[in-house]
>>> print(open('run10.tsv').read())   # TSV, C-alpha atoms and all ligand atoms
chain	number	residue	atom	x	y	z
A	26	MET	CA	-116.15	-3.14	73.45
A	27	ALA	CA	-114.95	0.51	73.12
A	28	THR	CA	-112.75	1.71	75.99
A	29	LEU	CA	-111.45	5.26	76.23
A	30	THR	CA	-108.64	6.10	78.69
A	31	LEU	CA	-108.20	9.78	79.46
A	32	SER	CA	-106.30	12.08	81.82
A	33	ALA	CA	-107.85	14.39	84.39
A	34	PRO	CA	-105.12	16.94	85.09
A	35	ALA	CA	-104.67	18.86	88.32
A	36	LYS	CA	-104.49	22.68	88.44
A	37	LEU	CA	-102.94	25.46	90.46
A	38	ASN	CA	-104.37	28.91	91.09
A	39	LEU	CA	-101.31	31.06	90.35
A	40	PHE	CA	-103.23	33.99	91.81
A	41	LEU	CA	-106.63	34.16	93.44
A	42	HIS	CA	-108.43	37.44	94.17
A	43	ILE	CA	-111.84	37.53	95.83
A	44	THR	CA	-113.64	40.61	94.61
A	45	GLY	CA	-117.02	40.38	96.36
A	46	ARG	CA	-119.80	38.23	97.69
A	47	ARG	CA	-122.88	37.59	95.56
A	48	ALA	CA	-126.49	37.53	96.76
A	49	ASP	CA	-126.46	33.69	96.59
A	50	GLY	CA	-123.51	33.56	99.01
A	51	TYR	CA	-120.94	32.57	96.37
A	52	HIS	CA	-117.91	34.80	95.84
A	53	ASN	CA	-116.76	36.46	92.64
A	54	LEU	CA	-113.15	35.68	91.84
A	55	GLN	CA	-110.37	36.74	89.54
A	56	THR	CA	-107.98	33.85	89.25
A	57	LEU	CA	-105.30	32.40	87.00
A	58	PHE	CA	-105.72	28.65	86.51
A	59	GLN	CA	-102.52	26.83	85.58
A	60	MET	CA	-103.06	23.38	84.03
A	61	LEU	CA	-100.53	20.75	85.11
A	62	ASP	CA	-99.06	17.80	83.23
A	63	CYS	CA	-100.10	15.30	85.90
A	64	GLY	CA	-103.34	14.17	87.45
A	65	ASP	CA	-105.79	11.30	87.71
A	66	GLN	CA	-106.61	8.81	84.98
A	67	LEU	CA	-110.03	7.49	83.98
A	68	SER	CA	-111.11	4.58	81.76
A	69	PHE	CA	-114.56	4.46	80.21
A	70	THR	CA	-116.03	1.26	78.72
A	71	LEU	CA	-119.34	1.47	76.87
A	72	THR	CA	-122.09	-0.89	77.98
A	73	THR	CA	-125.65	-1.39	76.77
A	74	ASP	CA	-127.35	-2.19	80.08
A	75	GLY	CA	-128.24	1.42	80.97
A	76	GLU	CA	-126.09	1.23	84.14
A	77	ILE	CA	-123.42	3.61	85.38
A	78	GLN	CA	-120.84	1.40	87.10
A	79	PHE	CA	-118.03	3.09	88.98
A	80	SER	CA	-114.90	1.77	90.68
A	81	CYS	CA	-111.88	3.60	92.01
A	82	SER	CA	-108.36	2.87	93.24
A	83	ASP	CA	-109.30	4.80	96.43
A	84	LYS	CA	-112.18	2.90	98.05
A	85	SER	CA	-113.03	5.86	100.35
A	86	ILE	CA	-114.49	7.76	97.35
A	87	GLU	CA	-115.97	4.75	95.52
A	88	ASN	CA	-119.58	5.79	95.97
A	89	ASP	CA	-122.54	7.37	94.18
A	90	SER	CA	-121.75	10.88	95.38
A	91	ASN	CA	-118.43	10.83	93.55
A	92	LEU	CA	-118.27	13.70	91.08
A	93	VAL	CA	-117.58	11.15	88.31
A	94	VAL	CA	-120.90	9.39	88.93
A	95	ARG	CA	-122.71	12.71	89.28
A	96	ALA	CA	-121.27	13.92	85.95
A	97	ALA	CA	-122.32	10.69	84.20
A	98	ARG	CA	-125.83	11.00	85.65
A	99	LEU	CA	-126.12	14.53	84.29
A	100	LEU	CA	-125.53	13.30	80.73
A	101	GLN	CA	-127.34	9.95	80.78
A	102	PRO	CA	-130.84	11.39	80.18
A	103	LEU	CA	-129.50	12.85	76.91
A	104	ALA	CA	-128.05	9.51	75.76
A	105	PRO	CA	-129.72	6.80	73.65
A	106	HIS	CA	-131.91	4.28	75.48
A	107	ASN	CA	-129.85	1.65	77.38
A	108	ALA	CA	-126.58	3.60	76.99
A	109	GLY	CA	-124.42	2.62	79.95
A	110	VAL	CA	-120.80	2.91	80.99
A	111	ARG	CA	-118.26	1.25	83.24
A	112	ILE	CA	-115.82	3.80	84.68
A	113	TYR	CA	-112.56	3.21	86.55
A	114	LEU	CA	-110.81	6.11	88.30
A	115	ASP	CA	-107.12	5.82	89.13
A	116	LYS	CA	-106.90	8.49	91.88
A	117	ARG	CA	-103.49	10.15	92.07
A	118	VAL	CA	-104.14	13.81	92.94
A	119	PRO	CA	-104.20	14.55	96.71
A	120	MET	CA	-107.83	15.17	97.68
A	121	GLY	CA	-109.34	18.34	99.09
A	122	GLY	CA	-106.08	20.19	98.57
A	123	GLY	CA	-106.99	22.99	96.16
A	124	LEU	CA	-105.61	21.01	93.20
A	125	GLY	CA	-109.03	20.49	91.60
A	126	GLY	CA	-108.79	16.71	91.22
A	127	GLY	CA	-112.48	15.96	91.78
A	128	SER	CA	-113.58	18.77	89.45
A	129	SER	CA	-111.16	17.56	86.78
A	130	ASP	CA	-112.48	13.98	87.09
A	131	ALA	CA	-115.99	15.35	86.56
A	132	ALA	CA	-114.90	17.39	83.52
A	133	THR	CA	-113.11	14.43	81.93
A	134	THR	CA	-116.25	12.32	82.48
A	135	LEU	CA	-118.39	14.94	80.71
A	136	LEU	CA	-115.94	15.13	77.78
A	137	ALA	CA	-115.61	11.34	77.50
A	138	LEU	CA	-119.31	10.53	77.63
A	139	ASN	CA	-120.16	13.33	75.21
A	140	GLN	CA	-117.93	11.48	72.75
A	141	LEU	CA	-118.76	7.86	73.64
A	142	TRP	CA	-122.51	8.41	73.79
A	143	ARG	CA	-122.33	10.68	70.67
A	144	LEU	CA	-124.24	13.49	72.39
A	145	LYS	CA	-122.75	16.27	70.22
A	146	LEU	CA	-122.88	18.82	73.06
A	147	SER	CA	-120.66	21.87	72.56
A	148	ASN	CA	-117.90	22.65	75.05
A	149	ALA	CA	-119.96	25.68	76.16
A	150	GLN	CA	-122.91	23.37	76.95
A	151	LEU	CA	-120.61	20.97	78.84
A	152	CYS	CA	-119.16	23.91	80.83
A	153	GLU	CA	-122.67	25.03	81.76
A	154	LEU	CA	-123.61	21.52	82.93
A	155	GLY	CA	-120.26	21.19	84.73
A	156	LEU	CA	-120.82	24.39	86.67
A	157	THR	CA	-123.80	22.74	88.39
A	158	LEU	CA	-121.31	20.21	89.85
A	159	GLY	CA	-118.70	22.70	91.06
A	160	ALA	CA	-117.15	26.08	90.32
A	161	ASP	CA	-113.89	24.51	89.13
A	162	VAL	CA	-115.41	22.10	86.58
A	163	PRO	CA	-115.72	24.54	83.61
A	164	VAL	CA	-111.99	25.31	83.41
A	165	PHE	CA	-111.19	21.61	83.09
A	166	VAL	CA	-113.76	21.22	80.28
A	167	PHE	CA	-112.15	24.28	78.66
A	168	GLY	CA	-108.84	22.47	79.08
A	169	LYS	CA	-106.50	25.44	78.92
A	170	THR	CA	-104.47	27.55	81.30
A	171	ALA	CA	-106.85	30.46	81.73
A	172	PHE	CA	-107.74	33.69	83.45
A	173	ALA	CA	-111.14	33.25	85.12
A	174	GLU	CA	-113.81	35.53	86.52
A	175	GLY	CA	-117.31	35.05	87.93
A	176	VAL	CA	-117.06	31.98	90.16
A	177	GLY	CA	-114.55	30.61	87.66
A	178	GLU	CA	-116.79	30.08	84.63
A	179	LYS	CA	-115.83	33.17	82.57
A	180	LEU	CA	-112.64	31.99	80.93
A	181	GLN	CA	-109.97	33.48	78.68
A	182	PRO	CA	-106.97	31.36	77.61
A	183	VAL	CA	-103.57	32.65	78.73
A	184	SER	CA	-100.24	31.42	77.41
A	185	LEU	CA	-97.62	31.21	80.16
A	186	PRO	CA	-94.02	30.02	80.33
A	187	GLU	CA	-94.21	26.28	81.14
A	188	ASN	CA	-92.57	26.37	84.58
A	189	TYR	CA	-92.06	23.52	87.06
A	190	TYR	CA	-93.84	23.44	90.39
A	191	LEU	CA	-92.95	21.70	93.62
A	192	ILE	CA	-96.34	21.04	95.20
A	193	VAL	CA	-96.71	20.13	98.87
A	194	THR	CA	-100.01	19.17	100.50
A	195	PRO	CA	-99.90	19.56	104.30
A	196	GLN	CA	-101.86	16.87	106.13
A	197	VAL	CA	-104.69	19.17	107.21
A	198	HIS	CA	-108.21	19.29	105.82
A	199	VAL	CA	-109.21	22.78	104.71
A	200	SER	CA	-112.90	23.08	103.90
A	201	THR	CA	-113.60	25.38	100.92
A	202	ALA	CA	-116.94	26.38	102.46
A	203	GLU	CA	-115.29	27.18	105.83
A	204	VAL	CA	-112.77	29.51	104.19
A	205	PHE	CA	-115.41	31.29	102.08
A	206	ASN	CA	-117.75	31.71	105.04
A	207	HIS	CA	-115.09	33.01	107.46
A	208	ALA	CA	-115.61	36.56	108.74
A	209	ASP	CA	-111.92	37.41	108.32
A	210	LEU	CA	-111.60	36.38	104.66
A	211	ILE	CA	-110.32	39.19	102.40
A	212	ARG	CA	-113.29	39.49	100.03
A	213	ASN	CA	-113.10	43.08	98.76
A	214	THR	CA	-110.07	43.15	96.47
A	215	PRO	CA	-110.75	45.68	93.71
A	216	VAL	CA	-111.55	44.25	90.27
A	217	MET	CA	-108.63	44.78	87.89
A	218	SER	CA	-108.11	44.20	84.18
A	219	ALA	CA	-106.62	40.84	83.19
A	220	LYS	CA	-103.57	42.64	81.82
A	221	ASP	CA	-102.92	44.56	85.05
A	222	LEU	CA	-103.38	41.40	87.09
A	223	LEU	CA	-100.97	39.41	84.94
A	224	ASP	CA	-98.39	42.21	85.23
A	225	SER	CA	-98.70	42.75	88.99
A	226	GLU	CA	-97.37	40.67	91.90
A	227	TRP	CA	-99.41	37.46	92.24
A	228	LYS	CA	-101.16	36.64	95.53
A	229	ASN	CA	-103.90	34.46	96.98
A	230	ASP	CA	-106.52	36.24	99.11
A	231	CYS	CA	-107.24	33.04	101.11
A	232	GLU	CA	-103.62	32.55	102.13
A	233	THR	CA	-103.38	34.82	105.20
A	234	LEU	CA	-106.53	33.34	106.74
A	235	VAL	CA	-105.65	29.70	105.97
A	236	LYS	CA	-102.12	30.16	107.36
A	237	ARG	CA	-103.62	31.48	110.58
A	238	LEU	CA	-106.24	28.70	110.86
A	239	TYR	CA	-103.81	25.94	109.85
A	240	PRO	CA	-100.27	26.78	111.09
A	241	GLU	CA	-98.84	23.79	109.19
A	242	VAL	CA	-99.66	25.59	105.92
A	243	ALA	CA	-97.61	28.57	107.16
A	244	MET	CA	-94.74	26.25	108.15
A	245	VAL	CA	-94.57	24.65	104.69
A	246	LEU	CA	-94.70	28.05	102.98
A	247	ASP	CA	-91.97	29.44	105.27
A	248	TRP	CA	-89.80	26.47	104.26
A	249	LEU	CA	-90.49	26.67	100.48
A	250	ILE	CA	-90.03	30.44	100.22
A	251	GLU	CA	-86.34	30.01	101.02
A	252	TYR	CA	-85.95	28.21	97.66
A	253	ALA	CA	-88.39	29.89	95.25
A	254	PRO	CA	-91.46	32.16	95.01
A	255	SER	CA	-94.22	30.20	96.79
A	256	ARG	CA	-97.97	30.55	97.36
A	257	MET	CA	-101.07	28.59	98.25
A	258	THR	CA	-103.44	27.22	95.57
A	259	GLY	CA	-107.22	27.65	95.79
A	260	THR	CA	-108.48	27.55	99.35
A	261	GLY	CA	-105.55	25.29	100.30
A	262	ALA	CA	-104.12	23.33	101.83
A	263	SER	CA	-101.65	22.67	98.98
A	264	VAL	CA	-98.86	25.14	98.41
A	265	PHE	CA	-96.43	25.41	95.51
A	266	ALA	CA	-92.99	26.79	94.74
A	267	GLU	CA	-92.26	27.91	91.17
A	268	PHE	CA	-89.04	26.99	89.34
A	269	GLN	CA	-87.93	27.68	85.77
A	270	ASP	CA	-86.19	24.31	85.45
A	271	GLU	CA	-87.08	20.77	86.49
A	272	LEU	CA	-83.75	19.99	88.16
A	273	SER	CA	-84.07	22.82	90.72
A	274	ALA	CA	-87.61	21.69	91.54
A	275	ARG	CA	-86.47	18.08	92.02
A	276	GLN	CA	-83.43	19.07	94.09
A	277	THR	CA	-85.69	21.06	96.43
A	278	LEU	CA	-88.13	18.11	96.62
A	279	ALA	CA	-85.21	15.91	97.70
A	280	LYS	CA	-84.58	18.27	100.65
A	281	LEU	CA	-88.22	18.37	101.78
A	282	PRO	CA	-88.50	17.49	105.50
A	283	ALA	CA	-89.63	13.88	105.91
A	284	GLN	CA	-92.98	14.76	107.53
A	285	TRP	CA	-94.23	16.42	104.32
A	286	ARG	CA	-95.20	14.85	101.01
A	287	GLY	CA	-94.62	16.64	97.72
A	288	PHE	CA	-94.33	16.11	93.98
A	289	VAL	CA	-93.05	18.00	90.96
A	290	ALA	CA	-95.35	18.90	88.07
A	291	LYS	CA	-94.90	20.90	84.90
A	292	GLY	CA	-97.24	23.77	84.05
A	293	VAL	CA	-98.78	23.31	80.59
A	294	ASN	CA	-100.91	25.65	78.51
A	295	GLN	CA	-103.19	22.89	77.29
A	296	SER	CA	-104.62	19.97	79.26
A	297	ALA	CA	-103.61	16.51	78.03
A	298	VAL	CA	-107.26	15.49	77.85
A	299	LEU	CA	-107.91	17.75	74.84
A	300	THR	CA	-105.13	16.11	72.80
A	301	GLU	CA	-106.18	12.62	73.91
A	302	LEU	CA	-109.78	13.27	72.83
A	303	GLU	CA	-108.68	14.54	69.40
A	304	GLN	CA	-106.56	11.41	68.94
A	305	ALA	CA	-109.44	9.15	70.00
A	306	VAL	CA	-111.81	10.39	67.27
A	401	LIG	C1	-111.84	28.81	95.10
A	401	LIG	C2	-111.45	27.57	94.36
A	401	LIG	C3	-110.41	28.00	93.31
A	401	LIG	O1	-110.05	27.04	92.43
A	401	LIG	O2	-110.94	26.70	95.32
A	401	LIG	P1	-110.47	25.14	95.46
A	401	LIG	O3	-111.69	24.32	95.77
A	401	LIG	O4	-109.82	24.74	94.21
A	401	LIG	O5	-109.55	25.14	96.64
A	401	LIG	C4	-112.68	27.00	93.64
A	401	LIG	O6	-113.23	27.92	92.74
A	401	LIG	C5	-113.76	26.44	94.51
A	401	LIG	O7	-114.46	25.57	93.65
A	401	LIG	P2	-115.16	24.23	94.15
A	401	LIG	O8	-114.23	23.45	95.05
A	401	LIG	O9	-115.68	23.56	92.92
A	401	LIG	O10	-116.27	24.84	95.04
A	401	LIG	P3	-117.79	24.45	95.16
A	401	LIG	O11	-117.91	22.99	95.47
A	401	LIG	O12	-118.53	24.99	93.98
A	401	LIG	O13	-118.20	25.31	96.48
A	401	LIG	C6	-118.00	24.92	97.82
A	401	LIG	C7	-118.49	26.05	98.74
A	401	LIG	O14	-117.54	27.13	98.73
A	401	LIG	C8	-118.17	28.40	98.69
A	401	LIG	N1	-117.77	29.11	97.45
A	401	LIG	C9	-117.21	28.41	96.42
A	401	LIG	C10	-116.77	29.06	95.29
A	401	LIG	C11	-116.95	30.46	95.22
A	401	LIG	N2	-116.58	31.15	94.14
A	401	LIG	N3	-117.52	31.13	96.24
A	401	LIG	C12	-117.92	30.48	97.36
A	401	LIG	O15	-118.42	31.11	98.29
A	401	LIG	C13	-119.67	28.14	98.76
A	401	LIG	O16	-120.01	28.22	100.13
A	401	LIG	C14	-119.79	26.70	98.30
A	401	LIG	O17	-120.88	26.05	98.90
A	402	LIG	N1	-113.55	12.13	91.95
A	402	LIG	C1	-113.28	12.74	93.11
A	402	LIG	N2	-112.01	12.97	93.47
A	402	LIG	C2	-111.72	13.61	94.63
A	402	LIG	N3	-112.63	14.04	95.50
A	402	LIG	C3	-113.92	13.84	95.19
A	402	LIG	C4	-114.29	13.19	93.99
A	402	LIG	N4	-115.62	13.16	93.95
A	402	LIG	C5	-116.06	13.75	95.08
A	402	LIG	N5	-115.05	14.16	95.85
A	402	LIG	C6	-115.16	14.88	97.14
A	402	LIG	O1	-114.74	16.26	96.92
A	402	LIG	C7	-113.83	16.69	97.92
A	402	LIG	C8	-112.82	17.71	97.38
A	402	LIG	O2	-112.31	17.30	96.16
A	402	LIG	P1	-110.99	17.80	95.40
A	402	LIG	O3	-111.39	18.14	94.00
A	402	LIG	O4	-109.93	16.80	95.55
A	402	LIG	O5	-110.54	19.10	96.19
A	402	LIG	P2	-110.33	20.63	95.84
A	402	LIG	O6	-111.68	21.15	95.38
A	402	LIG	O7	-109.89	21.24	97.12
A	402	LIG	O8	-109.29	20.72	94.80
A	402	LIG	C9	-113.17	15.41	98.44
A	402	LIG	O9	-112.81	15.54	99.79
A	402	LIG	C10	-114.24	14.33	98.23
A	402	LIG	O10	-115.02	14.16	99.38
>>> encode(input="run10.tsv", output="structure tokens")
Amino acid sequence: MATLTLSAPAKLNLFLHITGRRADGYHNLQTLFQMLDCGDQLSFTLTTDGEIQFSCSDKSIENDSNLVVRAARLLQPLAPHNAGVRIYLDKRVPMGGGLGGGSSDAATTLLALNQLWRLKLSNAQLCELGLTLGADVPVFVFGKTAFAEGVGEKLQPVSLPENYYLIVTPQVHVSTAEVFNHADLIRNTPVMSAKDLLDSEWKNDCETLVKRLYPEVAMVLDWLIEYAPSRMTGTGASVFAEFQDELSARQTLAKLPAQWRGFVAKGVNQSAVLTELEQAV
């Protein structure tokens, strides 16, 4: 029975500008998505019973509302009669931390089932379907470090130096919706060209607010900034410090105060899932 094992990489937002609020309540962004070399892993085994079976290393998210199950359900009506799949998710990316793990799991599921069920959907069609699951899904289908606009679905690849990041996720739960709905969120940053944004100093418009609402985020950033340029990713709570070499990142990780958990990841211009899919053909 055919089994396909694929990565679902995490991401960072190297900068995040919020340029306005749309009529539907969503916010327009200008952001730089950095793909990372680490993330979750998913295995897909074809079945012929028409069922979508899902299990996960983290039992708290082993349910039908998991983005993996929702992604599979989106594609199943397009698949041949009785096409089923058994999916196992090895969850490694800290959840709800602005690292995009759930969105990446959904994107990898769309890419895998498109191949296994021979649906022949284009990446543009998968991005469009993915956007109905979450604003961060299209970039993971795209699979490249990218500059994004709209809510994150208008994507241009960007080639960056492959730096190392020390990523720390404070033990606080930051709700994306809470941040976007907050009266004090900076949501009127002027729209700039991609070139000007890439050349200017990088910042995250959610950072000031999240640091105020969750002082632990401010504490971690105050600690990291002593070692390297540091910012928050997405709507938090994860923060990252950027290093040009792996050793410096690992030496700083070794000094991290015991109450915080961190890991080192390499920034890559292409997500591992694209290469893995090419090799699986
Ligand atoms: C801002 C980012 C940057 O990567 O934050 P993180 O979630 O990664 O921290 C993402 O685009 C988030 O994407 P995602 O986490 O998929 O958000 P969604 O589930 O689509 O939206 C959750 C809620 O946030 C608000 N929302 C989200 C995205 C956006 N551009 N404008 C919004 O106002 C909406 O209230 C929405 O109901
Ligand atoms: N496969 C999944 N992995 C992680 N979280 C998931 C998944 N499916 C659904 N979720 C839900 O989505 C929430 C946020 O997911 P995640 O992608 O980790 O965060 P963020 O969008 O902040 O990067 C989780 O708290 C969880 O309830």
>>> axis_aligned_box(input="run10.tsv", around="ligand LIG 402 (chain A)", padding_each_side="3 Å", output="JSON")
{"center_x": -112.7, "center_y": 16.7, "center_z": 95.9, "size_x": 12.8, "size_y": 15.1, "size_z": 13.8}
>>> closest_residue(input="run10.tsv", among="A:Leu302, A:His52, A:Leu41, A:Cys231", to="A:Gly175", atoms="all atoms listed in the file")
A:His52
>>> closest_residue(input="run10.tsv", among="A:Pro102, A:Gly75, A:Gly259, A:Pro195", to="ligand LIG 401 (chain A)", atoms="all atoms listed in the file")
A:Gly259
>>> residues_near_ligand(input="run10.tsv", ligand="ligand LIG 401 (chain A)", cutoff="6 Å", atoms="only C-alpha atoms and all ligand atoms", output="PyMOL selection string")
chain A and resi 50-53+123-125+159-161+176-177+201-202+205+259-261
>>> residues_near_ligand(input="run10.tsv", ligand="ligand LIG 402 (chain A)", cutoff="10 Å", atoms="only C-alpha atoms and all ligand atoms", output="NGL selection string")
:A and (33 or 35-37 or 65 or 67 or 81 or 83 or 85-96 or 114-131 or 134 or 158-162 or 198-201 or 258-263)
>>> atom_distance(input="run10.tsv", atom1="atom CA of A:Gly64", atom2="atom CA of A:Leu103")
28.2 Å
>>> residues_around(input="run10.tsv", residues="A:Glu153", least_positions_apart="6", cutoff="10 Å", atoms="only C-alpha atoms", output="ChimeraX atom specification")
/A:147,162-163,166,178
>>> write_last_selection(input="run10.tsv", atoms="C-alpha atoms", output="PDB file, in the frame of the given file")
ATOM      1  CA  SER A 147    -120.660  21.870  72.560  1.00  0.00           C
ATOM      2  CA  VAL A 162    -115.410  22.100  86.580  1.00  0.00           C
ATOM      3  CA  PRO A 163    -115.720  24.540  83.610  1.00  0.00           C
ATOM      4  CA  VAL A 166    -113.760  21.220  80.280  1.00  0.00           C
ATOM      5  CA  GLU A 178    -116.790  30.080  84.630  1.00  0.00           C
TER       6      GLU A 178
END
>>> closest_residue(input="run10.tsv", among="A:Ala243, A:Gln196, A:Asp209, A:Leu61", to="A:Lys291", atoms="only C-alpha atoms")
A:Leu61
>>> atom_distance(input="run10.tsv", atom1="atom CA of A:Val264", atom2="atom CA of A:Arg47")
27.2 Å
>>> atom_distance(input="run10.tsv", atom1="atom CA of A:Phe288", atom2="atom CA of A:Phe58")
18.5 Å
>>> residues_around(input="run10.tsv", residues="A:Phe167", least_positions_apart="3", cutoff="8 Å", atoms="only C-alpha atoms", output="number ranges by chain")
A: 148, 152, 163-164
>>> closest_residue(input="run10.tsv", among="A:Ala171, A:Val204, A:Val216, A:Leu249", to="A:Arg237", atoms="only C-alpha atoms")
A:Val204
>>> closest_residue(input="run10.tsv", among="A:Leu54, A:Leu39, A:Ala48, A:Ala173", to="A:Asn213", atoms="all atoms listed in the file")
A:Leu54
>>> closest_residue(input="run10.tsv", among="A:Ile192, A:Val183, A:Ile250, A:Leu135", to="A:Cys63", atoms="only C-alpha atoms")
A:Ile192
>>> residues_around(input="run10.tsv", residues="A:Ala108", least_positions_apart="2", cutoff="9 Å", atoms="only C-alpha atoms", output="ChimeraX atom specification")
/A:71-77,101,104-106,110,142
>>> build_atoms(input="run10.tsv", residues="stretch 180-199 of chain A", atoms="N, CA and C atoms", output="PDB file, in the frame of the given file")
ATOM      1  N   LEU A 180    -114.024  32.443  81.140  1.00  0.00           N
ATOM      2  CA  LEU A 180    -112.640  31.990  80.930  1.00  0.00           C
ATOM      3  C   LEU A 180    -112.008  32.597  79.684  1.00  0.00           C
ATOM      4  N   GLN A 181    -110.761  33.014  79.838  1.00  0.00           N
ATOM      5  CA  GLN A 181    -109.970  33.480  78.680  1.00  0.00           C
ATOM      6  C   GLN A 181    -108.656  32.710  78.710  1.00  0.00           C
ATOM      7  N   PRO A 182    -108.249  32.084  77.586  1.00  0.00           N
ATOM      8  CA  PRO A 182    -106.970  31.360  77.610  1.00  0.00           C
ATOM      9  C   PRO A 182    -105.797  32.320  77.798  1.00  0.00           C
ATOM     10  N   VAL A 183    -104.781  31.852  78.513  1.00  0.00           N
ATOM     11  CA  VAL A 183    -103.570  32.650  78.730  1.00  0.00           C
ATOM     12  C   VAL A 183    -102.387  31.725  78.446  1.00  0.00           C
ATOM     13  N   SER A 184    -101.417  32.248  77.694  1.00  0.00           N
ATOM     14  CA  SER A 184    -100.240  31.420  77.410  1.00  0.00           C
ATOM     15  C   SER A 184     -99.113  31.826  78.349  1.00  0.00           C
ATOM     16  N   LEU A 185     -98.647  30.902  79.149  1.00  0.00           N
ATOM     17  CA  LEU A 185     -97.620  31.210  80.160  1.00  0.00           C
ATOM     18  C   LEU A 185     -96.352  30.394  79.886  1.00  0.00           C
ATOM     19  N   PRO A 186     -95.209  30.864  80.402  1.00  0.00           N
ATOM     20  CA  PRO A 186     -94.020  30.020  80.330  1.00  0.00           C
ATOM     21  C   PRO A 186     -94.288  28.712  81.072  1.00  0.00           C
ATOM     22  N   GLU A 187     -93.861  27.571  80.514  1.00  0.00           N
ATOM     23  CA  GLU A 187     -94.210  26.280  81.140  1.00  0.00           C
ATOM     24  C   GLU A 187     -93.200  25.972  82.247  1.00  0.00           C
ATOM     25  N   ASN A 188     -93.461  26.530  83.423  1.00  0.00           N
ATOM     26  CA  ASN A 188     -92.570  26.370  84.580  1.00  0.00           C
ATOM     27  C   ASN A 188     -92.808  25.030  85.278  1.00  0.00           C
ATOM     28  N   TYR A 189     -91.929  24.743  86.241  1.00  0.00           N
ATOM     29  CA  TYR A 189     -92.060  23.520  87.060  1.00  0.00           C
ATOM     30  C   TYR A 189     -92.468  23.929  88.473  1.00  0.00           C
ATOM     31  N   TYR A 190     -93.313  23.123  89.055  1.00  0.00           N
ATOM     32  CA  TYR A 190     -93.840  23.440  90.390  1.00  0.00           C
ATOM     33  C   TYR A 190     -93.568  22.294  91.345  1.00  0.00           C
ATOM     34  N   LEU A 191     -93.023  22.654  92.508  1.00  0.00           N
ATOM     35  CA  LEU A 191     -92.950  21.700  93.620  1.00  0.00           C
ATOM     36  C   LEU A 191     -94.199  21.934  94.454  1.00  0.00           C
ATOM     37  N   ILE A 192     -95.044  20.911  94.530  1.00  0.00           N
ATOM     38  CA  ILE A 192     -96.340  21.040  95.200  1.00  0.00           C
ATOM     39  C   ILE A 192     -96.333  20.204  96.481  1.00  0.00           C
ATOM     40  N   VAL A 193     -96.684  20.831  97.588  1.00  0.00           N
ATOM     41  CA  VAL A 193     -96.710  20.130  98.870  1.00  0.00           C
ATOM     42  C   VAL A 193     -98.109  20.269  99.468  1.00  0.00           C
ATOM     43  N   THR A 194     -98.675  19.145  99.892  1.00  0.00           N
ATOM     44  CA  THR A 194    -100.010  19.170 100.500  1.00  0.00           C
ATOM     45  C   THR A 194     -99.902  18.828 101.980  1.00  0.00           C
ATOM     46  N   PRO A 195     -99.956  19.849 102.856  1.00  0.00           N
ATOM     47  CA  PRO A 195     -99.900  19.560 104.300  1.00  0.00           C
ATOM     48  C   PRO A 195    -101.060  18.653 104.706  1.00  0.00           C
ATOM     49  N   GLN A 196    -100.844  17.839 105.713  1.00  0.00           N
ATOM     50  CA  GLN A 196    -101.860  16.870 106.130  1.00  0.00           C
ATOM     51  C   GLN A 196    -102.927  17.516 107.011  1.00  0.00           C
ATOM     52  N   VAL A 197    -103.570  18.553 106.488  1.00  0.00           N
ATOM     53  CA  VAL A 197    -104.690  19.170 107.210  1.00  0.00           C
ATOM     54  C   VAL A 197    -105.844  19.264 106.227  1.00  0.00           C
ATOM     55  N   HIS A 198    -107.071  19.175 106.731  1.00  0.00           N
ATOM     56  CA  HIS A 198    -108.210  19.290 105.820  1.00  0.00           C
ATOM     57  C   HIS A 198    -108.780  20.694 105.877  1.00  0.00           C
ATOM     58  N   VAL A 199    -108.656  21.418 104.773  1.00  0.00           N
ATOM     59  CA  VAL A 199    -109.210  22.780 104.710  1.00  0.00           C
ATOM     60  C   VAL A 199    -110.521  22.705 103.936  1.00  0.00           C
TER      61      VAL A 199
END
